[in-house]
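Shown below: final-v1.csv, with CSV, C-alpha atoms and all ligand atoms.
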chain,number,residue,atom,x,y,z
F,13,VAL,CA,10.0,-24.9,-16.3
F,14,ALA,CA,8.0,-28.0,-16.7
F,15,ARG,CA,4.4,-28.0,-15.5
F,16,ILE,CA,3.0,-31.3,-14.3
F,17,ASP,CA,-0.6,-32.0,-13.3
F,18,VAL,CA,-1.2,-35.0,-11.1
F,19,PHE,CA,-4.8,-35.7,-10.4
F,20,ASN,CA,-7.2,-38.4,-9.4
F,21,GLY,CA,-9.0,-39.7,-12.5
F,22,ASP,CA,-12.4,-39.3,-11.0
F,23,ALA,CA,-15.0,-36.4,-11.3
F,24,ASP,CA,-13.6,-34.5,-8.3
F,25,GLY,CA,-10.0,-34.7,-9.6
F,26,ILE,CA,-10.9,-33.8,-13.2
F,27,CYS,CA,-13.1,-30.9,-12.2
F,28,ALA,CA,-10.5,-29.6,-9.8
F,29,LEU,CA,-7.9,-29.6,-12.6
F,30,GLN,CA,-10.5,-28.1,-15.0
F,31,GLN,CA,-11.0,-25.1,-12.8
F,32,LEU,CA,-7.2,-24.5,-12.3
F,33,ARG,CA,-6.4,-24.9,-16.0
F,34,LEU,CA,-9.2,-22.6,-17.1
F,35,ALA,CA,-7.8,-20.0,-14.7
F,36,GLU,CA,-4.2,-20.7,-15.7
F,37,PRO,CA,-4.2,-21.9,-19.3
F,38,GLY,CA,-1.2,-23.6,-20.9
F,39,ALA,CA,0.3,-27.0,-21.7
F,40,SER,CA,1.1,-29.4,-18.9
F,41,THR,CA,2.0,-33.1,-18.5
F,42,LEU,CA,-0.9,-35.1,-17.2
F,43,VAL,CA,-0.4,-37.9,-14.6
F,44,THR,CA,-3.5,-39.8,-13.6
F,45,GLY,CA,-5.1,-43.2,-13.6
F,46,VAL,CA,-8.1,-45.1,-12.4
F,47,LYS,CA,-9.7,-43.8,-9.2
F,48,ARG,CA,-7.9,-46.2,-7.0
F,49,ASP,CA,-4.5,-45.6,-8.5
F,50,ILE,CA,-3.6,-42.9,-6.0
F,51,ALA,CA,0.2,-43.5,-5.7
F,52,LEU,CA,0.6,-41.1,-8.6
F,53,LEU,CA,3.5,-38.9,-7.4
F,54,GLU,CA,6.0,-41.7,-7.6
F,55,ARG,CA,5.6,-41.6,-11.4
F,56,VAL,CA,6.7,-37.9,-11.5
F,57,SER,CA,10.2,-36.7,-12.1
F,58,ALA,CA,10.8,-33.0,-11.8
F,59,GLY,CA,13.7,-30.7,-11.3
F,60,PRO,CA,14.4,-27.3,-9.7
F,61,GLY,CA,11.7,-24.8,-10.3
F,62,ASP,CA,9.3,-27.2,-12.0
F,63,GLU,CA,5.7,-26.7,-11.0
F,64,VAL,CA,3.8,-29.8,-9.8
F,65,THR,CA,0.1,-29.5,-9.0
F,66,VAL,CA,-1.4,-32.5,-7.1
F,67,LEU,CA,-5.2,-32.9,-6.8
F,68,ASP,CA,-7.5,-35.2,-4.9
F,69,VAL,CA,-5.0,-38.0,-3.9
F,70,SER,CA,-4.0,-38.6,-0.3
F,71,LEU,CA,-0.8,-36.9,0.8
F,72,ASP,CA,-0.1,-39.7,3.2
F,73,LYS,CA,0.0,-42.2,0.4
F,74,ASN,CA,2.3,-39.9,-1.6
F,75,ARG,CA,4.5,-38.7,1.2
F,76,ALA,CA,7.8,-40.3,0.1
F,77,ALA,CA,7.5,-39.1,-3.5
F,78,LEU,CA,6.4,-35.6,-2.3
F,79,GLU,CA,9.5,-35.3,-0.1
F,80,ARG,CA,11.7,-36.5,-2.9
F,81,LEU,CA,10.3,-33.9,-5.3
F,82,LEU,CA,10.6,-31.1,-2.8
F,83,ALA,CA,14.2,-32.1,-2.1
F,84,THR,CA,15.0,-31.7,-5.9
F,85,GLY,CA,13.8,-28.1,-5.8
F,86,ALA,CA,10.4,-28.6,-7.5
F,87,ARG,CA,7.5,-26.4,-6.4
F,88,VAL,CA,4.4,-28.3,-5.4
F,89,ARG,CA,0.8,-27.2,-4.9
F,90,TYR,CA,-1.4,-29.7,-3.2
F,91,PHE,CA,-5.2,-29.7,-2.9
F,92,ASP,CA,-6.9,-32.6,-1.2
F,93,HIS,CA,-9.6,-33.9,1.2
F,94,HIS,CA,-8.3,-37.4,2.0
F,95,TYR,CA,-6.5,-38.5,5.1
F,96,ALA,CA,-3.1,-36.6,5.0
F,97,GLY,CA,-1.3,-37.2,8.3
F,98,ASP,CA,1.3,-34.6,9.2
F,99,LEU,CA,2.1,-32.1,6.5
F,100,PRO,CA,5.7,-31.8,5.5
F,101,GLN,CA,7.0,-28.3,6.3
F,102,HIS,CA,8.8,-26.9,3.2
F,103,PRO,CA,8.9,-23.4,1.6
F,104,ASN,CA,8.2,-24.9,-1.8
F,105,LEU,CA,5.0,-26.7,-0.7
F,106,MET,CA,1.7,-24.9,-0.8
F,107,ALA,CA,-0.9,-27.3,0.6
F,108,ARG,CA,-4.7,-26.8,0.9
F,109,ILE,CA,-5.8,-29.9,2.7
F,110,ASP,CA,-9.1,-30.3,4.5
F,111,PRO,CA,-10.5,-33.7,5.4
F,112,ALA,CA,-14.0,-32.2,6.3
F,113,PRO,CA,-16.5,-34.9,5.2
F,114,THR,CA,-18.7,-32.4,3.2
F,115,ARG,CA,-16.1,-30.7,1.0
F,116,GLY,CA,-14.1,-32.2,-1.9
F,117,THR,CA,-11.1,-31.1,-3.8
F,118,SER,CA,-13.2,-29.3,-6.4
F,119,LEU,CA,-14.5,-27.0,-3.7
F,120,LEU,CA,-11.1,-26.4,-2.2
F,121,VAL,CA,-9.9,-25.3,-5.7
F,122,ASP,CA,-13.1,-23.2,-6.1
F,123,GLU,CA,-12.3,-21.4,-2.8
F,124,TYR,CA,-8.7,-20.8,-4.0
F,125,LEU,CA,-10.0,-19.3,-7.3
F,126,GLY,CA,-12.7,-17.2,-5.6
F,127,GLY,CA,-15.5,-19.2,-7.2
F,128,ARG,CA,-14.5,-18.4,-10.7
F,129,TYR,CA,-15.5,-21.7,-12.3
F,130,ARG,CA,-18.1,-22.6,-9.8
F,131,ALA,CA,-20.2,-24.8,-12.1
F,132,TRP,CA,-17.3,-27.2,-12.6
F,133,ALA,CA,-16.8,-27.3,-8.8
F,134,VAL,CA,-20.5,-28.2,-8.5
F,135,VAL,CA,-20.0,-31.1,-11.0
F,136,GLY,CA,-17.0,-32.4,-9.1
F,137,THR,CA,-18.8,-32.2,-5.8
F,138,PHE,CA,-21.8,-34.1,-7.1
F,139,GLY,CA,-19.3,-36.7,-8.4
F,140,ASP,CA,-18.1,-37.3,-4.9
F,141,ASN,CA,-21.7,-37.9,-3.8
F,142,LEU,CA,-21.8,-34.7,-1.7
F,143,ASP,CA,-25.2,-33.6,-3.1
F,144,GLU,CA,-26.0,-31.2,-0.3
F,145,SER,CA,-22.7,-29.4,-0.6
F,146,ALA,CA,-23.0,-29.3,-4.4
F,147,ARG,CA,-26.5,-27.7,-4.2
F,148,GLN,CA,-25.3,-25.1,-1.7
F,149,ALA,CA,-22.3,-24.3,-3.9
F,150,ALA,CA,-24.7,-23.9,-6.9
F,151,GLU,CA,-27.0,-21.4,-5.2
F,152,PRO,CA,-25.3,-18.3,-6.6
F,153,LEU,CA,-25.5,-19.7,-10.1
F,154,GLN,CA,-29.3,-19.6,-9.9
F,155,LEU,CA,-29.7,-22.6,-12.2
F,156,ASP,CA,-33.2,-24.1,-12.7
F,157,GLU,CA,-33.8,-27.6,-11.3
F,158,ARG,CA,-33.3,-29.2,-14.7
F,159,ASP,CA,-29.8,-27.7,-15.2
F,160,LEU,CA,-28.8,-28.6,-11.7
F,161,ASP,CA,-29.9,-32.2,-12.4
F,162,ARG,CA,-27.8,-32.2,-15.6
F,163,LEU,CA,-24.7,-31.0,-13.6
F,164,ARG,CA,-25.4,-33.8,-11.1
F,165,GLU,CA,-25.7,-36.4,-13.8
F,166,LEU,CA,-22.4,-35.2,-15.4
F,167,GLY,CA,-20.7,-35.5,-12.0
F,168,VAL,CA,-22.0,-39.0,-11.5
F,169,LEU,CA,-20.9,-40.0,-15.0
F,170,LEU,CA,-17.4,-38.6,-14.7
F,171,ASN,CA,-17.1,-40.4,-11.4
F,172,TYR,CA,-18.5,-43.6,-12.8
F,173,ASN,CA,-15.9,-43.5,-15.6
F,174,ALA,CA,-13.0,-43.6,-13.1
F,175,TYR,CA,-13.8,-47.0,-11.6
F,176,GLY,CA,-11.9,-50.0,-12.9
F,177,GLU,CA,-9.0,-52.2,-12.1
F,178,GLN,CA,-7.0,-50.8,-15.0
F,179,VAL,CA,-7.4,-47.9,-17.4
F,180,GLU,CA,-8.4,-50.6,-20.1
F,181,ASP,CA,-11.7,-51.2,-18.1
F,182,LEU,CA,-12.7,-47.6,-18.5
F,183,HIS,CA,-14.8,-46.1,-21.4
F,184,VAL,CA,-12.4,-43.2,-21.6
F,185,ALA,CA,-8.9,-42.9,-20.1
F,186,PRO,CA,-8.9,-40.1,-17.5
F,187,ASP,CA,-6.2,-38.0,-19.2
F,188,GLU,CA,-8.1,-38.2,-22.5
F,189,LEU,CA,-11.4,-37.4,-20.6
F,190,PHE,CA,-9.7,-34.3,-19.2
F,191,ARG,CA,-8.7,-33.2,-22.7
F,192,ARG,CA,-12.3,-33.6,-23.9
F,193,VAL,CA,-13.6,-31.6,-20.9
F,194,HIS,CA,-11.0,-28.9,-21.1
F,195,PRO,CA,-12.4,-26.8,-24.0
F,196,TYR,CA,-15.6,-26.1,-22.1
F,197,ALA,CA,-15.7,-23.3,-19.5
F,198,ASP,CA,-19.3,-24.2,-18.9
F,199,PRO,CA,-20.2,-27.8,-18.1
F,200,LEU,CA,-23.7,-27.4,-19.6
F,201,SER,CA,-22.0,-26.8,-23.0
F,202,PHE,CA,-20.0,-29.9,-22.6
F,203,ILE,CA,-23.2,-31.9,-22.0
F,204,ASP,CA,-24.9,-30.3,-25.1
F,205,SER,CA,-22.0,-30.6,-27.5
F,206,GLU,CA,-19.6,-33.3,-26.5
F,207,PRO,CA,-20.6,-36.9,-27.6
F,208,THR,CA,-18.7,-38.3,-24.6
F,209,PHE,CA,-21.6,-37.4,-22.4
F,210,GLU,CA,-24.0,-39.8,-24.2
F,211,GLN,CA,-21.3,-42.5,-24.4
F,212,LEU,CA,-20.9,-42.4,-20.6
F,213,ARG,CA,-24.6,-42.2,-20.1
F,214,THR,CA,-25.3,-45.3,-22.1
F,215,GLY,CA,-22.4,-47.3,-20.5
F,216,HIS,CA,-23.6,-46.3,-17.0
F,217,ALA,CA,-27.2,-47.3,-17.7
F,218,GLU,CA,-26.1,-50.8,-19.0
F,219,ASP,CA,-23.8,-51.4,-16.1
F,220,THR,CA,-26.3,-50.2,-13.5
F,221,ALA,CA,-29.0,-52.5,-14.9
F,222,ARG,CA,-26.6,-55.5,-14.4
F,223,ALA,CA,-25.7,-54.4,-10.9
F,224,ARG,CA,-29.3,-54.0,-9.8
F,225,ALA,CA,-30.0,-57.6,-10.7
F,226,VAL,CA,-27.4,-58.8,-8.0
F,227,ARG,CA,-28.9,-59.8,-4.6
F,228,PRO,CA,-27.0,-58.9,-1.4
F,229,ALA,CA,-24.8,-61.7,0.1
F,230,VAL,CA,-25.5,-60.2,3.6
F,231,GLU,CA,-28.4,-57.9,4.5
F,232,SER,CA,-29.7,-56.5,7.7
F,233,GLU,CA,-31.2,-53.2,8.9
F,234,ARG,CA,-27.7,-51.7,9.5
F,235,ILE,CA,-25.5,-53.3,6.9
F,236,ALA,CA,-25.5,-54.8,3.4
F,237,VAL,CA,-22.8,-56.6,1.5
F,238,TYR,CA,-22.8,-57.2,-2.3
F,239,VAL,CA,-20.4,-59.5,-4.2
F,240,LEU,CA,-19.9,-58.7,-7.9
F,241,PRO,CA,-18.1,-60.9,-10.5
F,242,ALA,CA,-14.7,-60.3,-12.1
F,243,GLU,CA,-16.0,-58.5,-15.2
F,244,PRO,CA,-15.2,-55.1,-16.6
F,245,TRP,CA,-18.8,-53.9,-16.1
F,246,ALA,CA,-18.7,-54.8,-12.4
F,247,ARG,CA,-15.3,-53.1,-11.9
F,248,ARG,CA,-16.7,-49.9,-13.6
F,249,VAL,CA,-20.0,-49.8,-11.8
F,250,SER,CA,-19.1,-50.7,-8.2
F,251,GLY,CA,-18.4,-47.2,-6.9
F,252,VAL,CA,-21.4,-45.6,-8.4
F,253,PHE,CA,-23.6,-48.5,-7.4
F,254,ALA,CA,-22.3,-48.1,-3.9
F,255,ASN,CA,-23.3,-44.5,-3.9
F,256,ASP,CA,-26.7,-45.4,-5.3
F,257,LEU,CA,-27.2,-47.9,-2.5
F,258,ALA,CA,-26.0,-45.4,0.1
F,259,THR,CA,-28.5,-42.8,-1.1
F,260,SER,CA,-31.4,-45.3,-1.2
F,261,ALA,CA,-30.8,-46.6,2.4
F,262,PRO,CA,-29.2,-43.7,4.2
F,263,THR,CA,-29.1,-45.3,7.7
F,264,ARG,CA,-27.4,-48.5,6.4
F,265,ALA,CA,-23.7,-49.1,5.7
F,266,HIS,CA,-22.8,-50.8,2.4
F,267,ALA,CA,-19.9,-52.8,1.2
F,268,LEU,CA,-19.4,-53.9,-2.4
F,269,LEU,CA,-16.8,-56.6,-3.1
F,270,THR,CA,-15.8,-57.2,-6.7
F,271,TYR,CA,-13.8,-60.3,-7.6
F,272,LEU,CA,-10.4,-59.5,-9.0
F,273,HIS,CA,-9.3,-61.6,-12.1
F,274,ASP,CA,-6.4,-63.1,-10.1
F,275,GLY,CA,-8.3,-63.8,-6.9
F,276,GLY,CA,-9.4,-61.7,-3.9
F,277,PHE,CA,-11.7,-58.7,-4.0
F,278,VAL,CA,-11.5,-55.0,-4.5
F,279,VAL,CA,-13.8,-53.4,-1.9
F,280,SER,CA,-15.9,-50.2,-1.8
F,281,VAL,CA,-17.3,-49.2,1.6
F,282,ARG,CA,-19.9,-46.5,2.2
F,283,ALA,CA,-20.7,-45.4,5.7
F,284,PRO,CA,-24.4,-44.6,6.3
F,285,LEU,CA,-25.1,-41.2,4.7
F,286,ALA,CA,-26.8,-40.3,8.0
F,287,THR,CA,-23.5,-40.3,9.9
F,288,ARG,CA,-20.8,-40.3,7.2
F,289,THR,CA,-18.1,-41.7,9.5
F,290,GLY,CA,-16.2,-45.0,10.0
F,291,ALA,CA,-15.5,-46.1,6.4
F,292,ASP,CA,-11.8,-45.2,6.4
F,293,ALA,CA,-11.2,-46.5,9.9
F,294,LEU,CA,-12.6,-49.9,8.9
F,295,CYS,CA,-10.7,-50.1,5.6
F,296,ARG,CA,-7.4,-49.0,7.1
F,297,GLN,CA,-7.6,-52.2,9.3
F,298,PHE,CA,-6.6,-54.0,6.0
F,299,PRO,CA,-3.2,-53.6,4.3
F,300,THR,CA,-4.4,-52.0,1.1
F,301,GLY,CA,-7.2,-50.0,2.6
F,302,GLY,CA,-7.8,-46.3,2.7
F,303,GLY,CA,-10.1,-43.4,1.8
F,304,ARG,CA,-12.4,-40.9,3.5
F,305,GLN,CA,-14.6,-41.1,6.6
F,306,ALA,CA,-17.7,-41.5,4.4
F,307,ALA,CA,-16.4,-43.5,1.5
F,308,ALA,CA,-13.4,-45.8,1.5
F,309,GLY,CA,-12.1,-48.9,0.0
F,310,ILE,CA,-9.6,-51.8,0.0
F,311,ASN,CA,-7.6,-52.3,-3.1
F,312,ARG,CA,-7.0,-56.0,-2.5
F,313,LEU,CA,-8.8,-58.1,0.1
F,314,PRO,CA,-7.6,-61.7,0.0
F,315,GLU,CA,-10.4,-64.2,-0.5
F,316,ASP,CA,-9.6,-66.0,2.8
F,317,ARG,CA,-10.2,-62.7,4.7
F,318,TYR,CA,-13.8,-62.4,3.5
F,319,GLU,CA,-15.4,-63.7,6.7
F,320,GLU,CA,-13.1,-61.4,8.8
F,321,PHE,CA,-14.1,-58.4,6.6
F,322,VAL,CA,-17.8,-59.1,7.0
F,323,ARG,CA,-17.4,-59.5,10.8
F,324,ARG,CA,-15.4,-56.3,11.2
F,325,PHE,CA,-17.9,-54.5,8.9
F,326,GLY,CA,-20.7,-55.6,11.2
F,327,GLU,CA,-18.7,-54.5,14.3
F,328,ALA,CA,-18.1,-51.1,12.8
F,329,PHE,CA,-21.7,-50.4,11.7
F,330,GLY,CA,-24.0,-53.1,13.1
R,401,MN,MN,-12.5,-36.3,-4.1
File written out as structure tokens:
Amino acid sequence: VARIDVFNGDADGICALQQLRLAEPGASTLVTGVKRDIALLERVSAGPGDEVTVLDVSLDKNRAALERLLATGARVRYFDHHYAGDLPQHPNLMARIDPAPTRGTSLLVDEYLGGRYRAWAVVGTFGDNLDESARQAAEPLQLDERDLDRLRELGVLLNYNAYGEQVEDLHVAPDELFRRVHPYADPLSFIDSEPTFEQLRTGHAEDTARARAVRPAVESERIAVYVLPAEPWARRVSGVFANDLATSAPTRAHALLTYLHDGGFVVSVRAPLATRTGADALCRQFPTGGGRQAAAGINRLPEDRYEEFVRRFGEAFG
């Protein structure tokens, strides 16, 4: 029986898998990618009885591959909080899917495991910018404020590492990052002992300083649009910078457009933190758009649709 773990390469995906594999140790094949690379299941081949675990990628975007795997007799466990559409009904599918805007995949896995590796669930939840939920989940751990801040920073850094157009843009490939994380049942030990933490912290500080120097292309009380150049630092920092902007102006919606090397933009949208809705509905108006109510994106916005995007962004949030 083959065991295949399919997970979003971001903090929430890695921390969801970390909890499951601490609870159920053993070798598995890892299938992952940059944060936006969510059509992951199509890369999986599995046979009768094989166990496929899928974490933090939209079922709707993986539906055809999921149906194919179920038809071959594979058993699939699916945990996610993105838009799913109708769930396939199949005896070999166990799905825990909840698109609630305040709970990520790490917390769905935490619930499944009865809170066994709660600290990792807290890290993943901070990574998805769900600070309030993360703090609530952390209460029974009785951490002091300093340790809670360290868990938050780790979540932000793991999340930051997942942003890029290709794995080559990233400081650490997500499958390798999972292998580095995996020996640590306690994320605070990872922070103290594993050099990767400092590596990501330095990279994050450098990229953020460059992003902060960029002025908005459009700015009003309700919306702001930033355009970043086609460089690896911009591709890495865009998501985390979008979360920073959202936190610093909670009643404003933010859009970050990063030029792709072959034209067009990759887009990150954050709904105002005060409402946390409307980002996915806006992005799904464009062919490669998708995401969650609070945070969504467009994988490729053609350059000639820039004005249209700004107009629709204004209509959605202005
Ligand atoms: Mn997530």
Fill in the blank from the handout: Taken to one decimal, the atom CA of F:Leu42-atom CA of F:Asp187 distance is 6.4 Å
Completion exercise
Min atom-atom distance to ligand MN 401 (chain R) from the set F:Asp140, F:Glu123, F:Asp17, F:Glu36, counting all atoms listed in the file, belongs to F:Asp140
Using 7 Å as the limit and counting all atoms listed in the file, can you tabulate each residue of chain F that touches ligand MN 401 (chain R), with its shortest atom-to-atom distance in Å and the two atoms involved, as a Markdown table?
| residue | atom | partner | partner_atom | distance |
| --- | --- | --- | --- | --- |
| F:Asp24 | CA | R:MN401 | MN | 4.7 |
| F:Gly25 | CA | R:MN401 | MN | 6.2 |
| F:Asp68 | CA | R:MN401 | MN | 5.2 |
| F:His93 | CA | R:MN401 | MN | 6.5 |
| F:Gly116 | CA | R:MN401 | MN | 4.9 |
| F:Thr117 | CA | R:MN401 | MN | 5.4 |
| F:Asp140 | CA | R:MN401 | MN | 5.7 |
Problem - Distance criterion (all atoms listed in the file): nearest to F:Leu189 out of F:Thr289, F:Thr65, F:Ser205, F:Gln30 - result: F:Gln30
Around (-26.9, -54.1, -10.7) in the file's frame, which residues reach within 9 Å when counting only C-alpha atoms? Return as a PDB file with C-alpha atoms, keeping the file's coordinate frame?
ATOM      1  CA  GLU F 218     -26.100 -50.800 -19.000  1.00  0.00           C
ATOM      2  CA  ASP F 219     -23.800 -51.400 -16.100  1.00  0.00           C
ATOM      3  CA  THR F 220     -26.300 -50.200 -13.500  1.00  0.00           C
ATOM      4  CA  ALA F 221     -29.000 -52.500 -14.900  1.00  0.00           C
ATOM      5  CA  ARG F 222     -26.600 -55.500 -14.400  1.00  0.00           C
ATOM      6  CA  ALA F 223     -25.700 -54.400 -10.900  1.00  0.00           C
ATOM      7  CA  ARG F 224     -29.300 -54.000  -9.800  1.00  0.00           C
ATOM      8  CA  ALA F 225     -30.000 -57.600 -10.700  1.00  0.00           C
ATOM      9  CA  VAL F 226     -27.400 -58.800  -8.000  1.00  0.00           C
ATOM     10  CA  ARG F 227     -28.900 -59.800  -4.600  1.00  0.00           C
ATOM     11  CA  LEU F 240     -19.900 -58.700  -7.900  1.00  0.00           C
ATOM     12  CA  ALA F 246     -18.700 -54.800 -12.400  1.00  0.00           C
ATOM     13  CA  VAL F 249     -20.000 -49.800 -11.800  1.00  0.00           C
ATOM     14  CA  SER F 250     -19.100 -50.700  -8.200  1.00  0.00           C
ATOM     15  CA  PHE F 253     -23.600 -48.500  -7.400  1.00  0.00           C
TER      16      PHE F 253
END
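Counting all atoms listed in the file, the residue from F:Asn141, F:Thr259, F:Gln297, F:Gln305 that sits nearest to F:Glu320 is F:Gln297.
Here the residues that fall within 9 Å of (-24.0, -34.5, 8.1), using only C-alpha atoms, are given as Pro113, Thr114, Leu285, Ala286, Thr287 and Arg288 of chain F.
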Practice task
Calculate how many Å separate atom CA of F:Asp22 from atom CA of F:Val193, rounding to one decimal.
Solution key: 12.6 Å
If I only have part of stretch 206-227 of chain F, can you fill in N, CA and C atoms and write it as a PDB file, in the frame of the given file?
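selection-v3.pdb, written as the output of this step:
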ATOM      1  N   GLU F 206     -20.656 -32.360 -26.497  1.00  0.00           N
ATOM      2  CA  GLU F 206     -19.600 -33.300 -26.500  1.00  0.00           C
ATOM      3  C   GLU F 206     -20.178 -34.761 -26.474  1.00  0.00           C
ATOM      4  N   PRO F 207     -19.962 -35.577 -27.550  1.00  0.00           N
ATOM      5  CA  PRO F 207     -20.600 -36.900 -27.600  1.00  0.00           C
ATOM      6  C   PRO F 207     -20.186 -37.818 -26.421  1.00  0.00           C
ATOM      7  N   THR F 208     -19.089 -37.502 -25.752  1.00  0.00           N
ATOM      8  CA  THR F 208     -18.700 -38.300 -24.600  1.00  0.00           C
ATOM      9  C   THR F 208     -19.756 -38.426 -23.550  1.00  0.00           C
ATOM     10  N   PHE F 209     -20.558 -37.371 -23.406  1.00  0.00           N
ATOM     11  CA  PHE F 209     -21.600 -37.400 -22.400  1.00  0.00           C
ATOM     12  C   PHE F 209     -22.583 -38.557 -22.655  1.00  0.00           C
ATOM     13  N   GLU F 210     -23.034 -38.684 -23.910  1.00  0.00           N
ATOM     14  CA  GLU F 210     -24.000 -39.800 -24.200  1.00  0.00           C
ATOM     15  C   GLU F 210     -23.305 -41.142 -24.107  1.00  0.00           C
ATOM     16  N   GLN F 211     -22.031 -41.209 -24.488  1.00  0.00           N
ATOM     17  CA  GLN F 211     -21.300 -42.500 -24.400  1.00  0.00           C
ATOM     18  C   GLN F 211     -21.257 -42.947 -22.930  1.00  0.00           C
ATOM     19  N   LEU F 212     -20.966 -42.036 -22.017  1.00  0.00           N
ATOM     20  CA  LEU F 212     -20.900 -42.400 -20.600  1.00  0.00           C
ATOM     21  C   LEU F 212     -22.276 -42.734 -20.053  1.00  0.00           C
ATOM     22  N   ARG F 213     -23.269 -41.994 -20.540  1.00  0.00           N
ATOM     23  CA  ARG F 213     -24.600 -42.200 -20.100  1.00  0.00           C
ATOM     24  C   ARG F 213     -25.129 -43.599 -20.430  1.00  0.00           C
ATOM     25  N   THR F 214     -24.872 -44.006 -21.665  1.00  0.00           N
ATOM     26  CA  THR F 214     -25.300 -45.300 -22.100  1.00  0.00           C
ATOM     27  C   THR F 214     -24.550 -46.425 -21.347  1.00  0.00           C
ATOM     28  N   GLY F 215     -23.234 -46.260 -21.210  1.00  0.00           N
ATOM     29  CA  GLY F 215     -22.400 -47.300 -20.500  1.00  0.00           C
ATOM     30  C   GLY F 215     -22.913 -47.393 -19.051  1.00  0.00           C
ATOM     31  N   HIS F 216     -23.195 -46.269 -18.430  1.00  0.00           N
ATOM     32  CA  HIS F 216     -23.600 -46.300 -17.000  1.00  0.00           C
ATOM     33  C   HIS F 216     -24.992 -46.969 -16.893  1.00  0.00           C
ATOM     34  N   ALA F 217     -25.914 -46.711 -17.820  1.00  0.00           N
ATOM     35  CA  ALA F 217     -27.200 -47.300 -17.700  1.00  0.00           C
ATOM     36  C   ALA F 217     -27.129 -48.845 -17.884  1.00  0.00           C
ATOM     37  N   GLU F 218     -26.293 -49.305 -18.811  1.00  0.00           N
ATOM     38  CA  GLU F 218     -26.100 -50.800 -19.000  1.00  0.00           C
ATOM     39  C   GLU F 218     -25.505 -51.424 -17.801  1.00  0.00           C
ATOM     40  N   ASP F 219     -24.443 -50.813 -17.289  1.00  0.00           N
ATOM     41  CA  ASP F 219     -23.800 -51.400 -16.100  1.00  0.00           C
ATOM     42  C   ASP F 219     -24.642 -51.421 -14.897  1.00  0.00           C
ATOM     43  N   THR F 220     -25.395 -50.332 -14.696  1.00  0.00           N
ATOM     44  CA  THR F 220     -26.300 -50.200 -13.500  1.00  0.00           C
ATOM     45  C   THR F 220     -27.373 -51.285 -13.555  1.00  0.00           C
ATOM     46  N   ALA F 221     -27.929 -51.516 -14.751  1.00  0.00           N
ATOM     47  CA  ALA F 221     -29.000 -52.500 -14.900  1.00  0.00           C
ATOM     48  C   ALA F 221     -28.454 -53.892 -14.455  1.00  0.00           C
ATOM     49  N   ARG F 222     -27.219 -54.216 -14.841  1.00  0.00           N
ATOM     50  CA  ARG F 222     -26.600 -55.500 -14.400  1.00  0.00           C
ATOM     51  C   ARG F 222     -26.423 -55.545 -12.926  1.00  0.00           C
ATOM     52  N   ALA F 223     -25.947 -54.442 -12.345  1.00  0.00           N
ATOM     53  CA  ALA F 223     -25.700 -54.400 -10.900  1.00  0.00           C
ATOM     54  C   ALA F 223     -26.968 -54.594 -10.099  1.00  0.00           C
ATOM     55  N   ARG F 224     -28.040 -53.968 -10.563  1.00  0.00           N
ATOM     56  CA  ARG F 224     -29.300 -54.000  -9.800  1.00  0.00           C
ATOM     57  C   ARG F 224     -29.889 -55.410  -9.752  1.00  0.00           C
ATOM     58  N   ALA F 225     -29.458 -56.259 -10.676  1.00  0.00           N
ATOM     59  CA  ALA F 225     -30.000 -57.600 -10.700  1.00  0.00           C
ATOM     60  C   ALA F 225     -29.262 -58.510  -9.632  1.00  0.00           C
ATOM     61  N   VAL F 226     -28.183 -57.994  -9.017  1.00  0.00           N
ATOM     62  CA  VAL F 226     -27.400 -58.800  -8.000  1.00  0.00           C
ATOM     63  C   VAL F 226     -28.108 -58.652  -6.653  1.00  0.00           C
ATOM     64  N   ARG F 227     -28.344 -59.783  -5.981  1.00  0.00           N
ATOM     65  CA  ARG F 227     -28.900 -59.800  -4.600  1.00  0.00           C
ATOM     66  C   ARG F 227     -27.814 -59.666  -3.589  1.00  0.00           C
TER      67      ARG F 227
END
